[in-house]
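Shown below: entry08.cif, with mmCIF, C-alpha atoms and all ligand atoms.
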data_data
loop_
_atom_site.label_atom_id
_atom_site.label_comp_id
_atom_site.auth_asym_id
_atom_site.auth_seq_id
_atom_site.Cartn_x
_atom_site.Cartn_y
_atom_site.Cartn_z
CA ALA E 227 -13.17 14.03 -2.47
CA TRP E 228 -13.20 16.48 -5.39
CA ARG E 229 -12.84 13.71 -8.00
CA HIS E 230 -14.93 11.07 -6.29
CA PRO E 231 -17.82 10.10 -8.61
CA GLU E 232 -20.25 10.33 -5.69
CA THR E 233 -19.29 13.88 -4.72
CA GLN E 234 -22.14 16.12 -5.86
CA GLY E 235 -21.26 19.48 -7.42
CA ASN E 236 -18.10 21.37 -6.54
CA PHE E 237 -16.72 23.62 -3.84
CA LEU E 238 -17.51 26.88 -5.66
CA GLU E 239 -21.27 26.36 -5.44
CA PRO E 240 -23.33 27.25 -2.36
CA GLU E 241 -25.45 24.10 -2.77
CA TYR E 242 -22.33 21.99 -2.21
CA TYR E 243 -22.19 23.26 1.38
CA ALA E 244 -25.94 23.48 1.96
CA ARG E 245 -26.41 19.80 1.01
CA SER E 246 -23.91 18.65 3.62
CA ALA E 247 -25.25 21.02 6.28
CA LYS E 248 -28.80 19.74 5.82
CA VAL E 249 -27.71 16.11 5.96
CA LEU E 250 -25.73 16.81 9.13
CA GLU E 251 -28.64 18.58 10.78
CA GLU E 252 -31.07 15.81 9.86
CA GLY E 253 -28.49 13.40 11.31
CA LEU E 254 -28.47 15.44 14.57
CA PHE E 255 -24.73 16.20 14.47
CA ASP E 256 -23.34 18.74 16.95
CA LEU E 257 -21.60 20.91 14.40
CA LEU E 258 -20.23 21.37 10.94
CA PHE E 259 -16.68 22.64 11.00
CA PHE E 260 -14.49 24.08 8.25
CA ALA E 261 -10.73 23.88 8.32
CA ASP E 262 -8.84 26.78 6.75
CA ARG E 263 -5.42 27.73 5.55
CA PHE E 264 -4.34 30.65 3.41
CA ALA E 265 -1.84 29.29 0.92
CA ILE E 266 -1.27 26.66 -1.72
CA GLY E 267 1.54 24.53 -0.32
CA ASP E 268 4.83 24.75 -2.22
CA GLN E 269 7.16 23.12 0.29
CA LEU E 270 7.77 19.90 -1.67
CA GLY E 271 10.63 20.64 -4.03
CA GLY E 272 9.85 24.37 -3.77
CA SER E 273 6.98 24.05 -6.28
CA ARG E 274 3.22 24.28 -6.18
CA GLU E 275 2.79 22.54 -9.52
CA LEU E 276 2.04 19.08 -8.17
CA ALA E 277 -0.33 20.41 -5.50
CA LEU E 278 -2.34 22.27 -8.12
CA ARG E 279 -2.27 19.62 -10.82
CA HIS E 280 -3.41 16.72 -8.63
CA GLY E 281 -5.17 18.48 -5.76
CA ALA E 282 -3.08 18.44 -2.57
CA GLN E 283 -4.82 19.46 0.63
CA ASP E 284 -4.63 23.25 0.38
CA ALA E 285 -4.64 23.67 -3.41
CA THR E 286 -8.03 25.40 -3.18
CA ARG E 287 -10.14 26.66 -0.27
CA LEU E 288 -12.92 29.20 -0.08
CA ASP E 289 -12.97 31.42 3.01
CA PRO E 290 -15.23 29.50 5.42
CA LEU E 291 -16.73 32.50 7.22
CA PRO E 292 -18.97 33.72 4.37
CA ILE E 293 -19.93 30.08 3.74
CA LEU E 294 -21.05 29.74 7.35
CA SER E 295 -22.97 33.02 7.18
CA TYR E 296 -24.86 31.51 4.25
CA LEU E 297 -25.42 28.25 6.15
CA VAL E 298 -26.92 30.15 9.10
CA GLY E 299 -29.98 30.63 6.90
CA GLN E 300 -30.01 27.02 5.71
CA THR E 301 -30.00 25.41 9.19
CA ARG E 302 -31.64 25.92 12.59
CA ARG E 303 -29.80 23.79 15.14
CA LEU E 304 -26.48 22.69 13.68
CA GLY E 305 -23.38 24.25 15.26
CA LEU E 306 -21.16 26.18 12.82
CA GLY E 307 -17.40 26.15 13.35
CA VAL E 308 -14.89 28.35 11.56
CA THR E 309 -11.11 28.24 11.60
CA ARG E 310 -9.29 31.52 12.20
CA SER E 311 -5.54 31.98 12.68
CA THR E 312 -4.08 33.83 15.65
CA THR E 313 -0.86 34.42 13.73
CA TYR E 314 -2.29 36.40 10.81
CA TYR E 315 -5.41 38.08 12.15
CA GLU E 316 -5.77 40.64 14.91
CA PRO E 317 -7.94 39.77 17.94
CA VAL E 318 -10.57 42.34 16.99
CA HIS E 319 -11.10 40.70 13.56
CA VAL E 320 -11.93 37.38 15.16
CA ALA E 321 -13.88 38.88 18.08
CA ARG E 322 -16.15 40.87 15.74
CA SER E 323 -16.77 38.24 13.10
CA LEU E 324 -17.39 35.42 15.57
CA ALA E 325 -19.68 37.56 17.77
CA THR E 326 -21.62 38.40 14.61
CA LEU E 327 -21.86 34.73 13.60
CA ASP E 328 -23.00 33.83 17.12
CA HIS E 329 -25.76 36.46 16.97
CA LEU E 330 -26.97 35.57 13.48
CA SER E 331 -27.01 31.84 14.28
CA ARG E 332 -28.63 32.42 17.68
CA GLY E 333 -25.80 30.78 19.58
CA ARG E 334 -24.33 28.17 17.26
CA ALA E 335 -20.85 29.58 16.53
CA ALA E 336 -17.48 27.96 17.24
CA TRP E 337 -13.93 29.11 16.58
CA ASN E 338 -11.24 26.56 15.69
CA ILE E 339 -8.14 28.36 16.97
CA VAL E 340 -5.09 27.67 14.81
CA THR E 341 -1.65 29.22 14.61
CA SER E 342 -1.16 28.44 10.87
CA MET E 343 1.43 26.16 9.42
CA ASN E 344 3.90 27.25 6.82
CA ASP E 345 6.04 29.89 5.11
CA SER E 346 3.72 30.12 2.09
CA GLU E 347 1.06 31.47 4.45
CA GLY E 348 3.55 33.92 5.98
CA ARG E 349 4.56 35.25 2.55
CA LEU E 350 0.97 36.30 1.85
CA PHE E 351 1.34 38.60 4.85
CA GLY E 352 4.75 40.02 3.98
CA LYS E 353 6.72 37.63 6.20
CA ASP E 354 9.64 35.68 4.74
CA ARG E 355 9.24 32.97 7.30
CA HIS E 356 6.33 31.68 9.33
CA LEU E 357 6.69 32.59 13.02
CA GLU E 358 8.54 29.93 15.06
CA HIS E 359 6.30 27.16 16.51
CA ASP E 360 6.27 27.93 20.25
CA LEU E 361 6.22 31.71 19.70
CA ARG E 362 3.04 31.23 17.65
CA TYR E 363 1.41 29.74 20.72
CA ASP E 364 2.71 32.58 22.95
CA ARG E 365 1.02 35.02 20.60
CA ALA E 366 -2.09 32.79 20.49
CA ASP E 367 -2.36 32.83 24.32
CA GLU E 368 -2.41 36.61 24.36
CA PHE E 369 -4.74 36.72 21.32
CA VAL E 370 -7.35 34.57 23.08
CA GLU E 371 -7.04 36.59 26.32
CA ILE E 372 -7.91 39.73 24.38
CA ALA E 373 -10.72 38.13 22.39
CA LEU E 374 -12.30 37.01 25.68
CA LYS E 375 -12.00 40.52 27.10
CA LEU E 376 -13.65 41.95 23.99
CA TRP E 377 -16.48 39.40 24.04
CA SER E 378 -17.23 40.14 27.68
CA SER E 379 -17.01 43.92 27.29
CA TRP E 380 -20.80 44.07 27.03
CA ALA E 381 -22.61 42.84 30.16
CA PRO E 382 -25.71 40.70 29.55
CA GLY E 383 -28.66 43.06 29.24
CA ALA E 384 -26.60 46.16 28.42
CA LEU E 385 -28.39 46.43 25.08
CA LYS E 386 -31.77 48.03 25.77
CA LEU E 387 -33.24 48.77 22.30
CA ASP E 388 -35.93 50.79 24.11
CA ARG E 389 -37.65 52.63 21.28
CA GLU E 390 -40.13 54.41 23.51
CA GLN E 391 -37.55 55.97 25.83
CA GLY E 392 -34.99 56.35 23.07
CA ILE E 393 -32.40 54.30 24.95
CA LEU E 394 -30.15 52.10 22.83
CA ALA E 395 -27.84 50.74 25.53
CA ASP E 396 -26.81 51.20 29.16
CA PRO E 397 -23.31 52.74 28.98
CA ALA E 398 -22.57 51.42 32.50
CA GLY E 399 -22.94 47.90 31.13
CA VAL E 400 -20.22 48.37 28.54
CA ARG E 401 -16.74 47.98 30.01
CA ASP E 402 -13.47 49.41 28.74
CA VAL E 403 -10.89 46.98 27.49
CA ALA E 404 -7.32 48.15 28.02
CA HIS E 405 -4.74 45.57 27.08
CA ARG E 406 -1.00 46.08 26.81
CA GLY E 407 0.99 42.94 26.33
CA GLU E 408 3.98 41.53 24.54
CA TRP E 409 2.22 41.05 21.19
CA PHE E 410 -0.77 43.37 21.22
CA ARG E 411 -2.03 46.71 22.41
CA VAL E 412 -5.80 46.85 22.30
CA GLU E 413 -8.23 49.39 23.63
CA GLY E 414 -11.92 48.51 23.45
CA PRO E 415 -14.78 47.80 24.02
CA LEU E 416 -16.33 45.93 21.12
CA ASN E 417 -19.23 47.59 19.33
CA ILE E 418 -21.17 44.34 19.34
CA PRO E 419 -23.40 43.39 22.30
CA ARG E 420 -22.84 40.15 24.17
CA SER E 421 -23.74 37.23 21.92
CA PRO E 422 -26.19 34.41 22.75
CA GLN E 423 -23.48 31.99 23.93
CA GLY E 424 -21.46 34.80 25.55
CA ARG E 425 -18.75 33.92 23.04
CA PRO E 426 -18.22 31.19 20.48
CA VAL E 427 -17.27 27.70 21.62
CA LEU E 428 -13.46 27.48 21.58
CA ILE E 429 -12.01 24.58 19.61
CA GLN E 430 -8.37 23.70 19.09
CA ALA E 431 -6.26 20.90 17.65
CA GLY E 432 -2.73 21.21 19.00
CA SER E 433 -0.84 17.97 19.39
CA SER E 434 2.69 19.12 20.35
CA GLY E 435 3.65 19.70 23.99
CA ARG E 436 3.18 23.47 23.61
CA GLY E 437 -0.01 22.98 21.60
CA ARG E 438 -1.53 20.75 24.27
CA ARG E 439 -0.66 23.27 26.98
CA PHE E 440 -2.48 25.94 24.97
CA GLY E 441 -5.47 23.65 24.36
CA ALA E 442 -5.69 22.66 28.02
CA ARG E 443 -5.85 26.32 28.99
CA TRP E 444 -8.54 27.46 26.55
CA ALA E 445 -10.19 24.76 24.46
CA GLU E 446 -13.70 23.46 25.10
CA ALA E 447 -13.25 20.89 22.34
CA ILE E 448 -10.01 19.49 20.96
CA PHE E 449 -9.74 17.77 17.58
CA SER E 450 -7.16 15.03 17.42
CA ILE E 451 -5.93 12.37 15.01
CA HIS E 452 -4.66 9.09 16.44
CA GLY E 453 -4.38 5.71 14.76
CA ASN E 454 -5.40 3.40 17.62
CA LEU E 455 -7.03 3.22 21.04
CA PRO E 456 -3.84 3.32 23.18
CA ALA E 457 -2.70 6.51 21.40
CA MET E 458 -6.15 8.08 21.74
CA ARG E 459 -6.27 7.27 25.44
CA ALA E 460 -2.76 8.51 26.13
CA PHE E 461 -3.62 11.82 24.44
CA ARG E 462 -6.95 12.22 26.24
CA ASP E 463 -5.50 11.30 29.64
CA ASP E 464 -2.65 13.76 29.20
CA VAL E 465 -4.86 16.65 28.06
CA ARG E 466 -7.44 16.03 30.79
CA GLN E 467 -4.68 16.10 33.42
CA GLN E 468 -3.43 19.40 32.05
CA VAL E 469 -6.98 20.82 31.93
CA VAL E 470 -7.41 20.00 35.62
CA ALA E 471 -3.98 21.48 36.42
CA GLN E 472 -5.27 24.72 34.85
CA GLY E 473 -8.10 24.76 37.41
CA ARG E 474 -10.77 23.65 34.95
CA ALA E 475 -13.11 20.62 35.15
CA ALA E 476 -11.98 17.85 32.80
CA GLU E 477 -15.54 17.64 31.37
CA GLN E 478 -15.21 21.22 30.13
CA CYS E 479 -12.84 20.06 27.41
CA LYS E 480 -14.18 17.43 25.00
CA ILE E 481 -11.62 15.37 23.12
CA LEU E 482 -12.96 14.60 19.64
CA THR E 483 -10.97 12.12 17.61
CA ALA E 484 -11.15 11.98 13.81
CA VAL E 485 -12.28 8.92 11.84
CA MET E 486 -13.13 8.36 8.16
CA PRO E 487 -15.83 5.69 7.92
CA PHE E 488 -16.60 3.63 4.82
CA ILE E 489 -19.98 1.99 5.26
CA GLY E 490 -21.36 -0.88 3.17
CA GLY E 491 -24.16 -3.43 3.17
CA SER E 492 -21.40 -5.93 3.91
CA GLU E 493 -17.84 -5.64 5.17
CA ALA E 494 -16.53 -6.56 1.72
CA GLU E 495 -18.56 -3.77 0.11
CA ALA E 496 -17.25 -1.26 2.66
CA ARG E 497 -13.67 -2.34 2.01
CA ALA E 498 -14.21 -1.96 -1.74
CA LYS E 499 -15.54 1.58 -1.15
CA ARG E 500 -12.44 2.47 0.85
CA ASP E 501 -10.10 1.03 -1.77
CA ARG E 502 -11.90 2.87 -4.58
CA HIS E 503 -11.64 6.12 -2.61
CA ASN E 504 -7.95 5.69 -1.80
CA ALA E 505 -7.07 4.82 -5.39
CA LEU E 506 -8.31 8.29 -6.44
CA ALA E 507 -5.58 10.10 -4.50
CA HIS E 508 -2.41 10.66 -6.53
CA PRO E 509 0.44 9.09 -4.50
CA GLN E 510 2.61 12.22 -4.65
CA ILE E 511 0.00 14.53 -3.13
CA GLY E 512 0.46 12.79 0.20
CA LEU E 513 4.08 13.89 0.27
CA ALA E 514 3.11 17.40 -0.87
CA THR E 515 0.48 17.68 1.88
CA LEU E 516 2.89 16.31 4.49
CA SER E 517 5.56 18.82 3.41
CA ALA E 518 3.05 21.70 3.57
CA GLN E 519 1.74 20.68 6.99
CA LEU E 520 5.20 20.31 8.48
CA ASN E 521 6.65 23.29 6.56
CA PHE E 522 9.54 21.11 5.46
CA ASP E 523 10.70 19.85 2.06
CA PHE E 524 10.79 16.04 2.15
CA SER E 525 11.86 15.70 -1.49
CA ALA E 526 15.50 14.98 -0.56
CA PHE E 527 14.51 11.78 1.29
CA ALA E 528 13.82 8.43 -0.39
CA PRO E 529 10.39 6.83 0.19
CA ASP E 530 11.96 3.99 2.17
CA SER E 531 13.68 6.39 4.64
CA ARG E 532 12.81 5.57 8.23
CA LEU E 533 11.08 8.44 10.04
CA GLU E 534 13.49 8.12 12.97
CA ASN E 535 16.43 8.67 10.60
CA ILE E 536 14.80 11.76 9.05
CA ALA E 537 14.09 13.05 12.58
CA ALA E 538 17.73 12.54 13.55
CA HIS E 539 19.08 14.19 10.36
CA PRO E 540 21.08 17.40 11.14
CA GLU E 541 19.05 19.45 8.60
CA THR E 542 15.71 18.52 10.18
CA PRO E 543 14.40 21.34 12.43
CA PRO E 544 13.53 20.29 16.03
CA ALA E 545 9.77 20.93 15.62
CA VAL E 546 9.68 18.68 12.52
CA ALA E 547 11.68 16.00 14.36
CA GLU E 548 9.24 16.14 17.31
CA LYS E 549 6.31 15.79 14.94
CA LEU E 550 7.86 12.86 13.04
CA ARG E 551 8.61 11.03 16.28
CA SER E 552 5.03 11.55 17.45
CA LEU E 553 3.70 10.11 14.17
CA GLY E 554 5.12 6.66 14.85
CA VAL E 555 8.68 5.73 14.05
CA SER E 556 7.69 2.30 12.75
CA LEU E 557 6.69 3.84 9.40
CA ASN E 558 8.87 4.85 6.51
CA LEU E 559 8.35 8.11 4.62
CA GLY E 560 6.47 6.50 1.71
CA GLU E 561 4.04 4.78 4.08
CA LEU E 562 3.44 8.00 5.99
CA ALA E 563 2.87 9.90 2.72
CA GLN E 564 0.32 7.27 1.69
CA THR E 565 -1.70 7.92 4.86
CA PHE E 566 -1.62 11.65 4.04
CA ALA E 567 -2.75 10.98 0.46
CA SER E 568 -5.74 8.86 1.39
CA SER E 569 -7.03 10.61 4.52
CA VAL E 570 -4.44 13.08 5.90
CA ARG E 571 -3.65 10.41 8.52
CA VAL E 572 -7.22 10.09 9.79
CA PRO E 573 -7.86 6.38 10.57
CA GLN E 574 -10.23 4.78 8.08
CA LEU E 575 -12.95 2.49 9.46
CA VAL E 576 -14.76 -0.09 7.33
CA GLY E 577 -17.88 -2.09 8.04
CA THR E 578 -21.64 -2.20 8.02
CA GLY E 579 -23.50 0.54 9.89
CA ALA E 580 -23.79 -1.75 12.93
CA GLN E 581 -20.09 -2.63 12.82
CA ILE E 582 -19.00 1.02 12.56
CA ALA E 583 -21.30 1.91 15.47
CA GLU E 584 -19.71 -0.89 17.53
CA GLN E 585 -16.19 0.29 16.68
CA LEU E 586 -17.03 3.87 17.70
CA ALA E 587 -18.77 2.70 20.88
CA GLU E 588 -15.72 0.65 21.81
CA LEU E 589 -13.32 3.60 21.37
CA PHE E 590 -15.66 5.86 23.32
CA ASN E 591 -16.41 3.42 26.16
CA ALA E 592 -12.72 2.59 26.57
CA GLY E 593 -11.91 6.26 27.21
CA GLY E 594 -10.35 6.98 23.82
CA CYS E 595 -12.40 10.13 23.28
CA ASP E 596 -15.49 12.13 24.20
CA GLY E 597 -16.78 12.15 20.63
CA PHE E 598 -15.75 11.97 16.99
CA VAL E 599 -14.91 14.14 14.02
CA ILE E 600 -16.43 12.41 11.00
CA SER E 601 -14.14 13.03 8.08
CA PRO E 602 -15.96 12.53 4.76
CA GLY E 603 -14.60 10.62 1.76
CA TYR E 604 -17.18 12.24 -0.53
CA LEU E 605 -19.93 14.83 -0.12
CA PRO E 606 -22.61 14.71 1.05
CA GLY E 607 -22.82 10.89 0.69
CA SER E 608 -20.40 10.04 3.50
CA PHE E 609 -22.46 12.06 5.96
CA ALA E 610 -25.76 10.73 4.61
CA GLU E 611 -24.60 7.11 4.92
CA PHE E 612 -23.42 7.78 8.47
CA ALA E 613 -26.73 9.39 9.43
CA GLU E 614 -28.77 6.60 7.87
CA SER E 615 -26.73 3.54 8.79
CA VAL E 616 -24.66 4.31 11.88
CA VAL E 617 -26.69 6.83 13.89
CA PRO E 618 -29.69 4.50 14.53
CA HIS E 619 -27.31 1.89 16.01
CA LEU E 620 -25.59 4.50 18.18
CA GLN E 621 -29.04 5.66 19.34
CA ARG E 622 -29.94 2.10 20.27
CA LEU E 623 -26.71 1.90 22.28
CA GLY E 624 -27.77 5.07 24.11
CA LEU E 625 -24.77 6.98 22.75
CA TYR E 626 -26.47 9.42 20.39
CA ARG E 627 -29.27 11.97 20.80
CA ARG E 628 -32.72 11.25 19.34
CA ALA E 629 -33.53 14.95 18.96
CA TYR E 630 -31.73 18.25 19.61
CA GLU E 631 -32.49 19.10 23.22
CA GLY E 632 -31.01 22.61 23.25
CA THR E 633 -30.67 25.40 20.73
CA THR E 634 -27.04 26.46 21.21
CA LEU E 635 -23.84 24.64 20.37
CA ARG E 636 -22.74 24.85 24.02
CA GLU E 637 -25.89 22.92 24.89
CA HIS E 638 -25.32 20.31 22.16
CA LEU E 639 -21.81 19.72 23.52
CA GLY E 640 -22.98 19.58 27.14
CA LEU E 641 -20.69 22.46 28.12
CA GLY E 642 -23.12 24.38 30.34
CA PRO E 643 -23.61 28.14 30.29
CA LEU E 644 -20.74 30.56 30.77
CA GLU E 645 -20.47 32.74 33.84
CA ALA E 646 -21.43 36.30 32.93
C1 LIG R 701 -8.98 17.77 12.83
C2 LIG R 701 -7.92 18.84 12.70
C3 LIG R 701 -8.23 20.00 12.01
C4 LIG R 701 -7.26 21.02 11.84
N1 LIG R 701 -7.58 22.13 11.14
C5 LIG R 701 -6.63 23.08 10.91
C6 LIG R 701 -6.91 24.21 10.11
O1 LIG R 701 -8.03 24.38 9.63
N2 LIG R 701 -5.94 25.11 9.88
C7 LIG R 701 -4.68 24.98 10.40
O2 LIG R 701 -3.84 25.83 10.15
N3 LIG R 701 -4.39 23.91 11.18
C8 LIG R 701 -5.32 22.96 11.42
N4 LIG R 701 -5.01 21.86 12.17
C9 LIG R 701 -3.66 21.73 12.74
C10 LIG R 701 -3.60 22.07 14.22
O3 LIG R 701 -4.07 23.37 14.46
C11 LIG R 701 -2.18 21.93 14.75
O4 LIG R 701 -1.32 22.89 14.20
C12 LIG R 701 -1.58 20.58 14.45
O5 LIG R 701 -2.45 19.58 14.96
C13 LIG R 701 -0.17 20.41 15.03
O6 LIG R 701 -0.15 20.65 16.40
P1 LIG R 701 0.87 21.67 17.04
O7 LIG R 701 0.49 23.02 16.47
O8 LIG R 701 0.64 21.61 18.51
O9 LIG R 701 2.24 21.27 16.61
C14 LIG R 701 -5.96 20.85 12.37
C15 LIG R 701 -5.65 19.66 13.07
C16 LIG R 701 -6.61 18.66 13.23
C17 LIG R 701 -6.24 17.42 13.98
#
Would you write the structure of this file as structure tokens?
Amino acid sequence: AWRHPETQGNFLEPEYYARSAKVLEEGLFDLLFFADRFAIGDQLGGSRELALRHGAQDATRLDPLPILSYLVGQTRRLGLGVTRSTTYYEPVHVARSLATLDHLSRGRAAWNIVTSMNDSEGRLFGKDRHLEHDLRYDRADEFVEIALKLWSSWAPGALKLDREQGILADPAGVRDVAHRGEWFRVEGPLNIPRSPQGRPVLIQAGSSGRGRRFGARWAEAIFSIHGNLPAMRAFRDDVRQQVVAQGRAAEQCKILTAVMPFIGGSEAEARAKRDRHNALAHPQIGLATLSAQLNFDFSAFAPDSRLENIAAHPETPPAVAEKLRSLGVSLNLGELAQTFASSVRVPQLVGTGAQIAEQLAELFNAGGCDGFVISPGYLPGSFAEFAESVVPHLQRLGLYRRAYEGTTLREHLGLGPLEA
């Protein structure tokens, strides 16, 4: 996106973000969400040179939380989602900043819960190695438990702000938090009153067995990337079953699958847009991004290596093997890297606005997902084209709102209020 001729401005300017946020709000989207990671990937060949020179996925990123604080003032209804890692923050950091964002946005905050990905991130925090995959989720479980305790430490109405009587708050409405667990010891309460949504909407994107178990326990929305309807359905069916097994209603966890649409006046024009976009991505950055995401150096393997052979290789760690197998063993490494270069594996859709709307409706109606993550090829044009050309067709199909009905993100997502 950074080198696409239609991308306006660059990521260091506030207007870059404000333009997209306004387009999304005019297009009645549920939320704008920012991914985040801490480090420039250097897994491929032990070097960050290629990532920096040609722009691999994490070569640059501003911290999304200040960006969202700025966007609070630029928008009125749009949900605002921020990624925060349970591996490198403490629960109180996330509880305070997200409660603040929820207050300032009057109930539009969401937290994308991630466990972080690679050793380069760990080294920024004094760790030689990133914490092992399943242990990260053990820590994340306890992290979320504590964040929830902190967010509910103020009862609704405990803040009085009674100037006449000189009463700030009702101390009886502010509960102690006393947590002693395997990973954390936290004594509270928070010094922030209960926020408009009670807490931010909880989002997650785990795809492994352990990641799904975590998501089924906590997430109210799950981001996923799958290449076709059968894979989308299998994922959604599995997660919904696990959500129910956790004693939650399946509707309380929305599965949102990612797509990257290219929209044209004709199918041929849309295809040309996609091809122009994909030609801008340097072929090697796909392999660099793949290596960073899987925390594994793929430089020793030839592009025509079959994924199943890499997975079975004695040097390949089990978590990497599991991931490779889940990505589809029919591909070779070069083909997989190409999908990371062009869209980080997000399926690309091409067509006119009506055709894209039909494709989305089909995936949705066939039980592939509860909604979509629209991944932009360029900014803000991809969102603007979607809002102008696809949304009216989805509205006609009865699948898209015609106006915001609520004010909070929970309401946009149809999640219903939390119990106090
Ligand atoms: C749409 C989407 C967005 C994601 N955003 C982030 C992110 O911002 N930061 C991050 O560290 N991981 C991010 N991830 C990765 C997931 O949190 C997760 O680690 C990954 O899907 C692998 O699943 P697993 O952890 O269960 O193995 C994202 C994944 C998806 C599908």
Using all atoms listed in the file, which of the listed residues (E:Arg274, E:Arg322, E:Arg436, E:Arg443) sits closest to ligand LIG 701 (chain R)? E:Arg436
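Atom pair atom C3 of ligand LIG 701 (chain R) / atom CA of Ile429 of chain E: separated by 9.6 Å.
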Here is a test: counting all atoms listed in the file, which residue of E:Ala518, E:Asp501, E:Ile481, E:Thr633 is nearest to Asp596 of chain E?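 Smallest separation from Asp596 of chain E among the options: E:Ile481.
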List every residue of chain E that has an atom at most 7 Å from any atom of ligand LIG 701 (chain R), and for each one report the closest atom pair and its distance in Å to one decimal, counting all atoms listed in the file, with rows sorted by chain and then by increasing residue number, as JSON lines.
{"residue": "E:Phe260", "atom": "CA", "partner": "R:LIG701", "partner_atom": "O1", "distance": 6.6}
{"residue": "E:Ala261", "atom": "CA", "partner": "R:LIG701", "partner_atom": "O1", "distance": 3.0}
{"residue": "E:Asp262", "atom": "CA", "partner": "R:LIG701", "partner_atom": "O1", "distance": 3.8}
{"residue": "E:Arg263", "atom": "CA", "partner": "R:LIG701", "partner_atom": "N2", "distance": 5.1}
{"residue": "E:Thr309", "atom": "CA", "partner": "R:LIG701", "partner_atom": "O1", "distance": 5.3}
{"residue": "E:Ser311", "atom": "CA", "partner": "R:LIG701", "partner_atom": "O2", "distance": 6.9}
{"residue": "E:Ile339", "atom": "CA", "partner": "R:LIG701", "partner_atom": "O3", "distance": 6.9}
{"residue": "E:Val340", "atom": "CA", "partner": "R:LIG701", "partner_atom": "O3", "distance": 4.4}
{"residue": "E:Thr341", "atom": "CA", "partner": "R:LIG701", "partner_atom": "O2", "distance": 6.0}
{"residue": "E:Ser342", "atom": "CA", "partner": "R:LIG701", "partner_atom": "O2", "distance": 3.8}
{"residue": "E:Met343", "atom": "CA", "partner": "R:LIG701", "partner_atom": "O2", "distance": 5.3}
{"residue": "E:Gln430", "atom": "CA", "partner": "R:LIG701", "partner_atom": "O3", "distance": 6.3}
{"residue": "E:Ala431", "atom": "CA", "partner": "R:LIG701", "partner_atom": "C10", "distance": 4.5}
{"residue": "E:Gly432", "atom": "CA", "partner": "R:LIG701", "partner_atom": "O8", "distance": 3.4}
{"residue": "E:Ser433", "atom": "CA", "partner": "R:LIG701", "partner_atom": "O8", "distance": 4.0}
{"residue": "E:Ser434", "atom": "CA", "partner": "R:LIG701", "partner_atom": "O8", "distance": 3.7}
{"residue": "E:Gly435", "atom": "CA", "partner": "R:LIG701", "partner_atom": "O8", "distance": 6.5}
{"residue": "E:Arg436", "atom": "CA", "partner": "R:LIG701", "partner_atom": "O8", "distance": 6.0}
{"residue": "E:Gly437", "atom": "CA", "partner": "R:LIG701", "partner_atom": "O8", "distance": 3.4}
{"residue": "E:Arg438", "atom": "CA", "partner": "R:LIG701", "partner_atom": "O8", "distance": 6.2}
{"residue": "E:Phe449", "atom": "CA", "partner": "R:LIG701", "partner_atom": "C1", "distance": 4.8}
{"residue": "E:Ser450", "atom": "CA", "partner": "R:LIG701", "partner_atom": "C17", "distance": 4.3}
{"residue": "E:Ile451", "atom": "CA", "partner": "R:LIG701", "partner_atom": "C17", "distance": 5.2}
{"residue": "E:Ala484", "atom": "CA", "partner": "R:LIG701", "partner_atom": "C1", "distance": 6.3}
Write out as a ChimeraX atom specification the residues lying within 7 Å of segment 491-498 of chain E, counting all atoms listed in the file and excluding same-chain residues fewer than 2 positions away. /E:488-489,500-502,576-578
Take the residues just selected and output them with C-alpha atoms as a PDB file, in the coordinates of the input.
ATOM      1  CA  PHE E 488     -16.600   3.630   4.820  1.00  0.00           C
ATOM      2  CA  ILE E 489     -19.980   1.990   5.260  1.00  0.00           C
ATOM      3  CA  ARG E 500     -12.440   2.470   0.850  1.00  0.00           C
ATOM      4  CA  ASP E 501     -10.100   1.030  -1.770  1.00  0.00           C
ATOM      5  CA  ARG E 502     -11.900   2.870  -4.580  1.00  0.00           C
ATOM      6  CA  VAL E 576     -14.760  -0.090   7.330  1.00  0.00           C
ATOM      7  CA  GLY E 577     -17.880  -2.090   8.040  1.00  0.00           C
ATOM      8  CA  THR E 578     -21.640  -2.200   8.020  1.00  0.00           C
TER       9      THR E 578
END
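Straight-line separation from atom CA of Arg365 of chain E to atom CA of Arg411 of chain E: 12.2 Å.
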Which of E:Glu358, E:Leu327, E:Ala265, E:Gly281 sits closest to Thr313 of chain E [using all atoms listed in the file]: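 Checking each candidate against Thr313 of chain E, we get E:Glu358 as the closest.
Comparing E:Asp360, E:Glu368, E:Asp463, E:Glu232 by their smallest distance to Arg406 of chain E, the closest is E:Glu368 (using all atoms listed in the file).
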When you look at segment 380-396 of chain E with a cut-off of 9 Å (counting all atoms listed in the file), what residues show up, excluding the ones that are within fewer than 4 positions of it in the same chain? I need them as a list in words. Leu376, Val400, Arg401, Pro415, Leu416, Asn417, Ile418, Pro419, Arg420, Ser421, Gly424 and Ala646 of chain E
Selected residue, from E:Ala335, E:Ile536, E:Val572, E:Leu605, that lies nearest to Ala244 of chain E when counting all atoms listed in the file: E:Leu605
When distances are computed from only C-alpha atoms, which of E:Thr312, E:Gln472, E:Ser273, E:Ser323 shows the smallest separation from Trp377 of chain E? E:Ser323
Given all atoms listed in the file, how would the per-residue table for segment 275-305 of chain E near segment 548-567 of chain E read, listing every residue at most 12 Å away with its closest atom pair and distance in Å to one decimal, sorted by chain and number, as a Markdown table?
| residue | atom | partner | partner_atom | distance |
| --- | --- | --- | --- | --- |
| E:Ala277 | CA | E:Ala567 | CA | 11.4 |
| E:His280 | CA | E:Ala567 | CA | 10.8 |
| E:Gly281 | CA | E:Ala567 | CA | 10.0 |
| E:Ala282 | CA | E:Ala567 | CA | 8.1 |
| E:Gln283 | CA | E:Ala567 | CA | 8.7 |
